[in-house]
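So the structure is just underneath, and the comments pick up after that.
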Amino acid sequence: MPKTSARLLSLLSLLQARRDWPGALLAERLEVSPRTLRRDVERLRELGYPIVAFKGPDGGYRLDAGAELPPLLFDDEQAVALAIALQIATTAGAGIEEAAARALNTVRQVMPARLRRRIDTLQFTAVERPTIRPEPQVDSSVIMAISAAIHTREVLRFDYILAAPAGVDDKGVRTPPRRVQPHHLVTWGGRWYLVAWDLDREDWRTFRADRITPRTPTGPRFTPRELPGGEVAAFVASRFRGSGDSGDWPCRGKVILDVPAAEVSRYIRDGVVEELGPNRCRLTLGSWSWPGLAATIGRFDTDIEVVGPAELGNAFAHLARRYATAAASPPGADAVGGACTEDRNPQAA
């Protein structure tokens with residue numbers, strides 16, 4: 001590589017490493033004179049890099065934002081991180097899947113051979129949780145519009161479509177235009193949601209981003225309110241649990257299982273498992289309903305001792321009667337059997 005080209009790449013790398021560079025320090029790092037530094041800056045400007053000069057006792061240079069995206073320079077760790085992030089982005093559900101795949105191909109092509117080999121050996125598949133229907137895709141322009149309103153703290157106006165009632169084959173019900181103070185854009189279970197203060201209902205709401213059609217212009221600026229609980233992750237989790245702002249499940253119970261705690265904890269995401277012995281543990285778990293909680297605990301192939309509350313014991317009795325009725329009316333002989341074999345997996349009932 002010619003000496004001048006190598007120096008230009010070094011200069012570009014330094015300008016990307018920090019916001020402001022005093023001219024004297026930058027020339028010292030490159031081991032060139034101030035005059036040579038000025039010529040190199042002009043060469044980068046001709047290539048499309050928006051480098052601005054600032055005055056003062058330590059006058060120097062800054063790589064600024066421009067109207068177009070010039071070529072970028074990444075170190076090894078940044079390049080690998082970018083490639084991994086682009087692979088994951090193909091399942092983001094944000095309408096950027098094709099663009100992410102093209103960007104990944106572009107980054108890979110210009111990588112040095114040593115980095116390309118590292119990326120090619122990293123083979124993984126991002127698997128989304130199975131659903132009855134494919135997850136809706138969100139237009140990237142919608143995400144950008146919501147993000148812009150959050151950043152500028154401006155009231156967001158949009159049309160919103162409510163989900164159709166269960167069992168109804170419909171695209172949903174369009175509601176009157178909404179006016180909200182947008183606070184956070186989050187992802188949950190493969191979907192994008194807006195957390196906002198609804199000005200007309202005077203309450204916190206979560207909106208599915210794929211059902212939002214932003215209106216322009218946005219409304220007046222606002223002073224952000226404090227989110228209940230102070231943490232967006234806990235707030236969103238509580239809303240999806242159906243427990244309002246308390247952050248806990250509406251139904252929570254405690255049982256003792258004759259299964260090692262290590263085995264139970266592998267299948268519990270939002271619960272507490274306490275070891276009581278080599279093959280015995282206490283499980284505290286929550287759910288939307290008592291029958292639902294009992295059914296979840298019943299997946300473990302072991303005896304169950306209910307510690308409390310009484311509602312959980314009643315739910316087990318309710319399910320026992322229901323299962324007993326189902327067992328008393330077995331299907332025809334042709335349907336009995338199947339390919340299921342005994343499994344010592346603690347969740348195999």
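Chain labels run A, B, ... following the order of the structure tokens; each chain numbers its residues from 1, and ligands are numbered from 1 in the order shown.
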
Any chance you could tabulate, as a tab-separated table, the residues of range 197-296 of chain A at most 10 Å from range 312-319 of chain A with each one's nearest atom pair and distance in Å to one decimal, using only C-alpha atoms, in chain and rising number order?
```
residue	atom	partner	partner_atom	distance
A:Cys251	CA	A:Leu312	CA	8.6
A:Arg252	CA	A:Leu312	CA	8.4
A:Gly253	CA	A:Leu312	CA	6.4
A:Lys254	CA	A:Leu312	CA	8.4
A:Val255	CA	A:Leu312	CA	9.2
A:Ser289	CA	A:Ala315	CA	9.1
A:Trp290	CA	A:Ala315	CA	5.7
A:Pro291	CA	A:Ala315	CA	5.0
A:Gly292	CA	A:Ala315	CA	8.5
A:Leu293	CA	A:Leu312	CA	7.6
A:Ala294	CA	A:Phe316	CA	5.7
A:Ala295	CA	A:Leu319	CA	7.8
```

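Every residue of range 4-37 of chain A with a DSSP assignment of alpha helix (DSSP H), taken from the backbone, is listed as Thr4, Ser5, Ala6, Arg7, Leu8, Leu9, Ser10, Leu11, Leu12, Ser13, Leu14, Leu15, Gln16, Ala17, Gly23, Ala24, Leu25, Leu26, Ala27, Glu28, Arg29, Leu30, Pro34, Arg35, Thr36 and Leu37 of chain A.
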
Can you pull out every residue within 8 Å of range 21-29 of chain A, counting only C-alpha atoms, but drop anything in the same chain fewer than 2 positions away, and send it as a PDB file with all heavy atoms, in the first residue's frame?
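So result09.pdb came out as:
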```pdb
ATOM      1  N   LEU A  15      -9.690   9.709  13.576  1.00  0.00           N
ATOM      2  CA  LEU A  15     -10.838  10.617  13.629  1.00  0.00           C
ATOM      3  C   LEU A  15     -12.104   9.909  14.090  1.00  0.00           C
ATOM      4  O   LEU A  15     -12.999  10.531  14.674  1.00  0.00           O
ATOM      5  CB  LEU A  15     -11.065  11.237  12.246  1.00  0.00           C
ATOM      6  CG  LEU A  15     -10.019  12.265  11.799  1.00  0.00           C
ATOM      7  CD1 LEU A  15     -10.245  12.653  10.343  1.00  0.00           C
ATOM      8  CD2 LEU A  15     -10.072  13.506  12.695  1.00  0.00           C
ATOM      9  N   ARG A  18     -12.271   9.264  18.409  1.00  0.00           N
ATOM     10  CA  ARG A  18     -12.702  10.273  19.373  1.00  0.00           C
ATOM     11  C   ARG A  18     -13.321  11.440  18.611  1.00  0.00           C
ATOM     12  O   ARG A  18     -13.104  11.599  17.412  1.00  0.00           O
ATOM     13  CB  ARG A  18     -11.548  10.757  20.242  1.00  0.00           C
ATOM     14  CG  ARG A  18     -10.367  11.295  19.477  1.00  0.00           C
ATOM     15  CD  ARG A  18      -9.196  11.643  20.375  1.00  0.00           C
ATOM     16  NE  ARG A  18      -9.391  12.903  21.086  1.00  0.00           N
ATOM     17  CZ  ARG A  18      -8.479  13.431  21.908  1.00  0.00           C
ATOM     18  NH1 ARG A  18      -7.352  12.775  22.145  1.00  0.00           N
ATOM     19  NH2 ARG A  18      -8.708  14.569  22.506  1.00  0.00           N
ATOM     20  N   ARG A  19     -14.086  12.282  19.329  1.00  0.00           N
ATOM     21  CA  ARG A  19     -14.820  13.340  18.649  1.00  0.00           C
ATOM     22  C   ARG A  19     -13.896  14.463  18.163  1.00  0.00           C
ATOM     23  O   ARG A  19     -13.930  14.830  16.986  1.00  0.00           O
ATOM     24  CB  ARG A  19     -15.896  13.910  19.587  1.00  0.00           C
ATOM     25  CG  ARG A  19     -16.678  15.053  18.960  1.00  0.00           C
ATOM     26  CD  ARG A  19     -17.892  15.418  19.784  1.00  0.00           C
ATOM     27  NE  ARG A  19     -18.576  16.589  19.239  1.00  0.00           N
ATOM     28  CZ  ARG A  19     -19.374  16.562  18.184  1.00  0.00           C
ATOM     29  NH1 ARG A  19     -19.567  15.426  17.537  1.00  0.00           N
ATOM     30  NH2 ARG A  19     -19.965  17.669  17.762  1.00  0.00           N
ATOM     31  N   GLU A  31       2.959  11.373  12.885  1.00  0.00           N
ATOM     32  CA  GLU A  31       4.366  11.672  12.603  1.00  0.00           C
ATOM     33  C   GLU A  31       4.516  12.437  11.295  1.00  0.00           C
ATOM     34  O   GLU A  31       5.334  12.098  10.420  1.00  0.00           O
ATOM     35  CB  GLU A  31       5.203  10.376  12.577  1.00  0.00           C
ATOM     36  CG  GLU A  31       5.197   9.634  13.906  1.00  0.00           C
ATOM     37  CD  GLU A  31       6.048   8.374  13.863  1.00  0.00           C
ATOM     38  OE1 GLU A  31       6.522   8.015  12.770  1.00  0.00           O
ATOM     39  OE2 GLU A  31       6.245   7.759  14.925  1.00  0.00           O
ATOM     40  N   VAL A  32       3.687  13.477  11.147  1.00  0.00           N
ATOM     41  CA  VAL A  32       3.746  14.330   9.962  1.00  0.00           C
ATOM     42  C   VAL A  32       3.721  15.786  10.419  1.00  0.00           C
ATOM     43  O   VAL A  32       3.436  16.095  11.585  1.00  0.00           O
ATOM     44  CB  VAL A  32       2.566  14.062   8.993  1.00  0.00           C
ATOM     45  CG1 VAL A  32       2.605  12.634   8.479  1.00  0.00           C
ATOM     46  CG2 VAL A  32       1.229  14.350   9.687  1.00  0.00           C
ATOM     47  N   SER A  33       3.973  16.679   9.490  1.00  0.00           N
ATOM     48  CA  SER A  33       3.929  18.110   9.788  1.00  0.00           C
ATOM     49  C   SER A  33       2.496  18.603   9.727  1.00  0.00           C
ATOM     50  O   SER A  33       1.635  17.975   9.102  1.00  0.00           O
ATOM     51  CB  SER A  33       4.788  18.874   8.781  1.00  0.00           C
ATOM     52  OG  SER A  33       4.217  18.781   7.476  1.00  0.00           O
ATOM     53  N   PRO A  34       2.189  19.737  10.360  1.00  0.00           N
ATOM     54  CA  PRO A  34       0.843  20.309  10.263  1.00  0.00           C
ATOM     55  C   PRO A  34       0.424  20.549   8.818  1.00  0.00           C
ATOM     56  O   PRO A  34      -0.752  20.395   8.476  1.00  0.00           O
ATOM     57  CB  PRO A  34       0.960  21.615  11.048  1.00  0.00           C
ATOM     58  CG  PRO A  34       2.054  21.357  12.033  1.00  0.00           C
ATOM     59  CD  PRO A  34       3.038  20.499  11.305  1.00  0.00           C
ATOM     60  N   LEU A  37      -0.657  17.270   7.368  1.00  0.00           N
ATOM     61  CA  LEU A  37      -1.942  16.912   7.965  1.00  0.00           C
ATOM     62  C   LEU A  37      -3.082  17.637   7.259  1.00  0.00           C
ATOM     63  O   LEU A  37      -4.118  17.039   6.952  1.00  0.00           O
ATOM     64  CB  LEU A  37      -1.944  17.238   9.456  1.00  0.00           C
ATOM     65  CG  LEU A  37      -3.269  17.027  10.194  1.00  0.00           C
ATOM     66  CD1 LEU A  37      -3.697  15.572  10.133  1.00  0.00           C
ATOM     67  CD2 LEU A  37      -3.170  17.503  11.644  1.00  0.00           C
ATOM     68  N   ASP A  58      -6.599  24.856  21.238  1.00  0.00           N
ATOM     69  CA  ASP A  58      -6.234  23.527  20.741  1.00  0.00           C
ATOM     70  C   ASP A  58      -7.003  23.227  19.462  1.00  0.00           C
ATOM     71  O   ASP A  58      -7.602  22.164  19.309  1.00  0.00           O
ATOM     72  CB  ASP A  58      -6.528  22.449  21.798  1.00  0.00           C
ATOM     73  CG  ASP A  58      -5.668  22.621  23.037  1.00  0.00           C
ATOM     74  OD1 ASP A  58      -4.501  23.024  22.879  1.00  0.00           O
ATOM     75  OD2 ASP A  58      -6.169  22.359  24.139  1.00  0.00           O
ATOM     76  N   GLY A  59      -7.026  24.179  18.547  1.00  0.00           N
ATOM     77  CA  GLY A  59      -7.770  23.994  17.307  1.00  0.00           C
ATOM     78  C   GLY A  59      -7.369  22.709  16.603  1.00  0.00           C
ATOM     79  O   GLY A  59      -6.205  22.309  16.613  1.00  0.00           O
ATOM     80  N   GLY A  60      -8.361  22.081  15.994  1.00  0.00           N
ATOM     81  CA  GLY A  60      -8.081  20.808  15.353  1.00  0.00           C
ATOM     82  C   GLY A  60      -9.184  20.388  14.418  1.00  0.00           C
ATOM     83  O   GLY A  60      -9.817  21.221  13.765  1.00  0.00           O
ATOM     84  N   TYR A  61      -9.479  19.054  14.412  1.00  0.00           N
ATOM     85  CA  TYR A  61     -10.395  18.507  13.425  1.00  0.00           C
ATOM     86  C   TYR A  61     -11.397  17.556  14.088  1.00  0.00           C
ATOM     87  O   TYR A  61     -11.136  16.964  15.134  1.00  0.00           O
ATOM     88  CB  TYR A  61      -9.625  17.760  12.328  1.00  0.00           C
ATOM     89  CG  TYR A  61      -8.647  18.640  11.595  1.00  0.00           C
ATOM     90  CD1 TYR A  61      -7.311  18.685  11.979  1.00  0.00           C
ATOM     91  CD2 TYR A  61      -9.068  19.434  10.530  1.00  0.00           C
ATOM     92  CE1 TYR A  61      -6.405  19.500  11.315  1.00  0.00           C
ATOM     93  CE2 TYR A  61      -8.170  20.254   9.859  1.00  0.00           C
ATOM     94  CZ  TYR A  61      -6.833  20.284  10.252  1.00  0.00           C
ATOM     95  OH  TYR A  61      -5.957  21.100   9.593  1.00  0.00           O
ATOM     96  N   ARG A  62     -12.538  17.435  13.414  1.00  0.00           N
ATOM     97  CA  ARG A  62     -13.606  16.563  13.901  1.00  0.00           C
ATOM     98  C   ARG A  62     -14.275  15.900  12.692  1.00  0.00           C
ATOM     99  O   ARG A  62     -14.553  16.562  11.693  1.00  0.00           O
ATOM    100  CB  ARG A  62     -14.629  17.372  14.690  1.00  0.00           C
ATOM    101  CG  ARG A  62     -15.867  16.589  15.107  1.00  0.00           C
ATOM    102  CD  ARG A  62     -16.945  17.512  15.668  1.00  0.00           C
ATOM    103  NE  ARG A  62     -16.419  18.338  16.749  1.00  0.00           N
ATOM    104  CZ  ARG A  62     -16.579  19.644  16.821  1.00  0.00           C
ATOM    105  NH1 ARG A  62     -17.240  20.285  15.856  1.00  0.00           N
ATOM    106  NH2 ARG A  62     -16.090  20.332  17.830  1.00  0.00           N
TER     107      ARG A  62
END
```

Secondary structure check, strand (DSSP E) residues of range 139-257 of chain A, as an NGL selection string:
:A and (156-162 or 173-188 or 191-198 or 203-208 or 212-214 or 251-257)

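Distance annotation: of A:Asp159, A:Glu263, A:Glu275, A:Asp139, the residue with the minimal separation from Thr213 in chain A is A:Asp159; atom set is only C-alpha atoms.
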
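Note that the spacing between CA of Ile212 in chain A and CA of Phe235 in chain A amounts to 20.7 Å.
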
Near Gln78 in chain A, within 12 Å and counting only C-alpha atoms, which residues show up once chain neighbours fewer than 6 positions away are dropped, as a PDB file with all heavy atoms, in the first residue's frame?
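Resulting contents of out_23.pdb:
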```
ATOM      1  N   ALA A  17     -12.050   7.460  16.285  1.00  0.00           N
ATOM      2  CA  ALA A  17     -11.829   6.968  17.646  1.00  0.00           C
ATOM      3  C   ALA A  17     -12.294   7.954  18.709  1.00  0.00           C
ATOM      4  O   ALA A  17     -12.665   7.557  19.811  1.00  0.00           O
ATOM      5  CB  ALA A  17     -10.350   6.633  17.847  1.00  0.00           C
ATOM      6  N   LEU A  72     -16.593   3.462   5.810  1.00  0.00           N
ATOM      7  CA  LEU A  72     -16.231   3.460   7.228  1.00  0.00           C
ATOM      8  C   LEU A  72     -15.072   2.505   7.466  1.00  0.00           C
ATOM      9  O   LEU A  72     -14.827   1.586   6.679  1.00  0.00           O
ATOM     10  CB  LEU A  72     -17.432   3.048   8.084  1.00  0.00           C
ATOM     11  CG  LEU A  72     -18.672   3.915   7.953  1.00  0.00           C
ATOM     12  CD1 LEU A  72     -19.801   3.340   8.797  1.00  0.00           C
ATOM     13  CD2 LEU A  72     -18.383   5.344   8.374  1.00  0.00           C
ATOM     14  N   ILE A  84     -22.082 -10.236  13.395  1.00  0.00           N
ATOM     15  CA  ILE A  84     -22.988 -11.021  14.245  1.00  0.00           C
ATOM     16  C   ILE A  84     -24.316 -10.298  14.412  1.00  0.00           C
ATOM     17  O   ILE A  84     -25.390 -10.899  14.315  1.00  0.00           O
ATOM     18  CB  ILE A  84     -22.330 -11.288  15.613  1.00  0.00           C
ATOM     19  CG1 ILE A  84     -21.097 -12.176  15.445  1.00  0.00           C
ATOM     20  CG2 ILE A  84     -23.327 -11.939  16.566  1.00  0.00           C
ATOM     21  CD1 ILE A  84     -20.318 -12.386  16.728  1.00  0.00           C
ATOM     22  N   ALA A  85     -24.251  -8.986  14.667  1.00  0.00           N
ATOM     23  CA  ALA A  85     -25.485  -8.211  14.852  1.00  0.00           C
ATOM     24  C   ALA A  85     -26.349  -8.234  13.595  1.00  0.00           C
ATOM     25  O   ALA A  85     -27.578  -8.328  13.676  1.00  0.00           O
ATOM     26  CB  ALA A  85     -25.137  -6.771  15.227  1.00  0.00           C
ATOM     27  N   VAL A 107     -20.349  -6.173   4.099  1.00  0.00           N
ATOM     28  CA  VAL A 107     -19.297  -6.155   5.110  1.00  0.00           C
ATOM     29  C   VAL A 107     -18.359  -7.334   4.928  1.00  0.00           C
ATOM     30  O   VAL A 107     -17.125  -7.203   5.015  1.00  0.00           O
ATOM     31  CB  VAL A 107     -19.911  -6.164   6.527  1.00  0.00           C
ATOM     32  CG1 VAL A 107     -18.833  -6.371   7.581  1.00  0.00           C
ATOM     33  CG2 VAL A 107     -20.644  -4.864   6.792  1.00  0.00           C
ATOM     34  N   MET A 111     -14.005  -7.572   4.121  1.00  0.00           N
ATOM     35  CA  MET A 111     -13.231  -8.000   5.280  1.00  0.00           C
ATOM     36  C   MET A 111     -11.911  -8.631   4.844  1.00  0.00           C
ATOM     37  O   MET A 111     -11.836  -9.299   3.818  1.00  0.00           O
ATOM     38  CB  MET A 111     -14.019  -9.039   6.097  1.00  0.00           C
ATOM     39  CG  MET A 111     -15.019  -8.463   7.056  1.00  0.00           C
ATOM     40  SD  MET A 111     -15.764  -9.794   8.040  1.00  0.00           S
ATOM     41  CE  MET A 111     -16.718  -8.826   9.190  1.00  0.00           C
ATOM     42  N   LEU A 115     -10.461 -12.168   9.016  1.00  0.00           N
ATOM     43  CA  LEU A 115     -11.746 -11.902   9.648  1.00  0.00           C
ATOM     44  C   LEU A 115     -12.868 -12.664   8.959  1.00  0.00           C
ATOM     45  O   LEU A 115     -13.807 -13.124   9.603  1.00  0.00           O
ATOM     46  CB  LEU A 115     -12.042 -10.400   9.626  1.00  0.00           C
ATOM     47  CG  LEU A 115     -11.156  -9.519  10.499  1.00  0.00           C
ATOM     48  CD1 LEU A 115     -11.628  -8.080  10.428  1.00  0.00           C
ATOM     49  CD2 LEU A 115     -11.173 -10.009  11.942  1.00  0.00           C
TER      50      LEU A 115
END
```

Could you name the residues that touch Trp204 in chain A at 12 Å or less, counting only C-alpha atoms, but leaving out those on the same chain fewer than 3 positions away, as a list in words?
Arg179, Val180, Gln181, Pro182, His183, His184, Leu194, Val195, Ala196, Trp197, Asp198, Leu199, Asp200, Arg201, Phe207, Arg225, Glu226, Leu227, Pro228, Val232, Phe235, Val236, Arg239, Gly244 and Asp245 of chain A

Since we have the selection now, will you write its residues out, keeping N, CA and C atoms, as an mmCIF file, in the first residue's frame?
```cif
data_model
loop_
_atom_site.group_PDB
_atom_site.id
_atom_site.type_symbol
_atom_site.label_atom_id
_atom_site.label_comp_id
_atom_site.auth_asym_id
_atom_site.auth_seq_id
_atom_site.Cartn_x
_atom_site.Cartn_y
_atom_site.Cartn_z
ATOM 1 N N ARG A 179 -53.669 9.981 20.748
ATOM 2 C CA ARG A 179 -52.687 10.998 21.101
ATOM 3 C C ARG A 179 -51.957 10.525 22.356
ATOM 4 N N VAL A 180 -50.653 10.316 22.216
ATOM 5 C CA VAL A 180 -49.903 9.783 23.347
ATOM 6 C C VAL A 180 -48.593 10.533 23.511
ATOM 7 N N GLN A 181 -48.057 10.424 24.729
ATOM 8 C CA GLN A 181 -46.697 10.874 24.998
ATOM 9 C C GLN A 181 -45.805 9.632 24.942
ATOM 10 N N PRO A 182 -45.060 9.449 23.861
ATOM 11 C CA PRO A 182 -44.264 8.222 23.708
ATOM 12 C C PRO A 182 -43.056 8.220 24.634
ATOM 13 N N HIS A 183 -42.813 7.070 25.261
ATOM 14 C CA HIS A 183 -41.704 6.995 26.214
ATOM 15 C C HIS A 183 -40.664 5.946 25.849
ATOM 16 N N HIS A 184 -41.092 4.742 25.475
ATOM 17 C CA HIS A 184 -40.123 3.692 25.170
ATOM 18 C C HIS A 184 -40.620 2.838 24.007
ATOM 19 N N LEU A 194 -44.889 0.008 21.681
ATOM 20 C CA LEU A 194 -44.678 1.375 22.154
ATOM 21 C C LEU A 194 -45.283 1.500 23.545
ATOM 22 N N VAL A 195 -44.481 1.963 24.489
ATOM 23 C CA VAL A 195 -44.967 2.266 25.837
ATOM 24 C C VAL A 195 -45.193 3.772 25.893
ATOM 25 N N ALA A 196 -46.416 4.182 26.216
ATOM 26 C CA ALA A 196 -46.744 5.609 26.151
ATOM 27 C C ALA A 196 -47.824 5.969 27.159
ATOM 28 N N TRP A 197 -47.895 7.272 27.456
ATOM 29 C CA TRP A 197 -48.967 7.820 28.277
ATOM 30 C C TRP A 197 -50.071 8.280 27.345
ATOM 31 N N ASP A 198 -51.266 7.647 27.457
ATOM 32 C CA ASP A 198 -52.394 7.987 26.604
ATOM 33 C C ASP A 198 -53.056 9.254 27.139
ATOM 34 N N LEU A 199 -53.023 10.324 26.357
ATOM 35 C CA LEU A 199 -53.545 11.606 26.815
ATOM 36 C C LEU A 199 -55.060 11.598 26.968
ATOM 37 N N ASP A 200 -55.776 10.849 26.132
ATOM 38 C CA ASP A 200 -57.233 10.829 26.206
ATOM 39 C C ASP A 200 -57.733 9.928 27.325
ATOM 40 N N ARG A 201 -57.024 8.839 27.600
ATOM 41 C CA ARG A 201 -57.441 7.902 28.643
ATOM 42 C C ARG A 201 -56.740 8.158 29.969
ATOM 43 N N PHE A 207 -48.788 -0.284 22.977
ATOM 44 C CA PHE A 207 -49.364 -0.417 21.643
ATOM 45 C C PHE A 207 -48.446 -1.265 20.773
ATOM 46 N N ARG A 225 -43.096 11.825 31.885
ATOM 47 C CA ARG A 225 -43.587 11.377 33.189
ATOM 48 C C ARG A 225 -42.706 10.232 33.685
ATOM 49 N N GLU A 226 -42.803 9.965 34.961
ATOM 50 C CA GLU A 226 -42.054 8.845 35.535
ATOM 51 C C GLU A 226 -42.838 7.560 35.314
ATOM 52 N N LEU A 227 -42.190 6.588 34.718
ATOM 53 C CA LEU A 227 -42.834 5.305 34.444
ATOM 54 C C LEU A 227 -43.067 4.561 35.756
ATOM 55 N N PRO A 228 -44.248 3.961 35.957
ATOM 56 C CA PRO A 228 -44.500 3.200 37.192
ATOM 57 C C PRO A 228 -43.418 2.156 37.420
ATOM 58 N N VAL A 232 -38.475 0.210 32.580
ATOM 59 C CA VAL A 232 -39.356 -0.179 31.487
ATOM 60 C C VAL A 232 -39.498 -1.698 31.373
ATOM 61 N N PHE A 235 -41.948 -2.872 33.958
ATOM 62 C CA PHE A 235 -43.281 -2.384 33.632
ATOM 63 C C PHE A 235 -43.919 -3.218 32.529
ATOM 64 N N VAL A 236 -43.174 -3.461 31.449
ATOM 65 C CA VAL A 236 -43.722 -4.237 30.334
ATOM 66 C C VAL A 236 -44.019 -5.663 30.772
ATOM 67 N N ARG A 239 -47.262 -5.772 32.644
ATOM 68 C CA ARG A 239 -48.427 -5.603 31.790
ATOM 69 C C ARG A 239 -48.777 -6.895 31.062
ATOM 70 N N GLY A 244 -51.189 -5.419 36.043
ATOM 71 C CA GLY A 244 -51.122 -3.972 36.232
ATOM 72 C C GLY A 244 -49.716 -3.513 36.477
ATOM 73 N N ASP A 245 -49.517 -2.683 37.490
ATOM 74 C CA ASP A 245 -48.207 -2.098 37.746
ATOM 75 C C ASP A 245 -47.480 -2.754 38.915
#
```

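Between CA of Val264 in chain A and CA of Trp249 in chain A the separation is 19.7 Å.
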
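Minimum atom-to-atom distances from A:Arg299, A:Lys55, A:Arg39, A:Arg215 to Arg157 in chain A were compared using only C-alpha atoms, and the lowest value belongs to A:Arg215.
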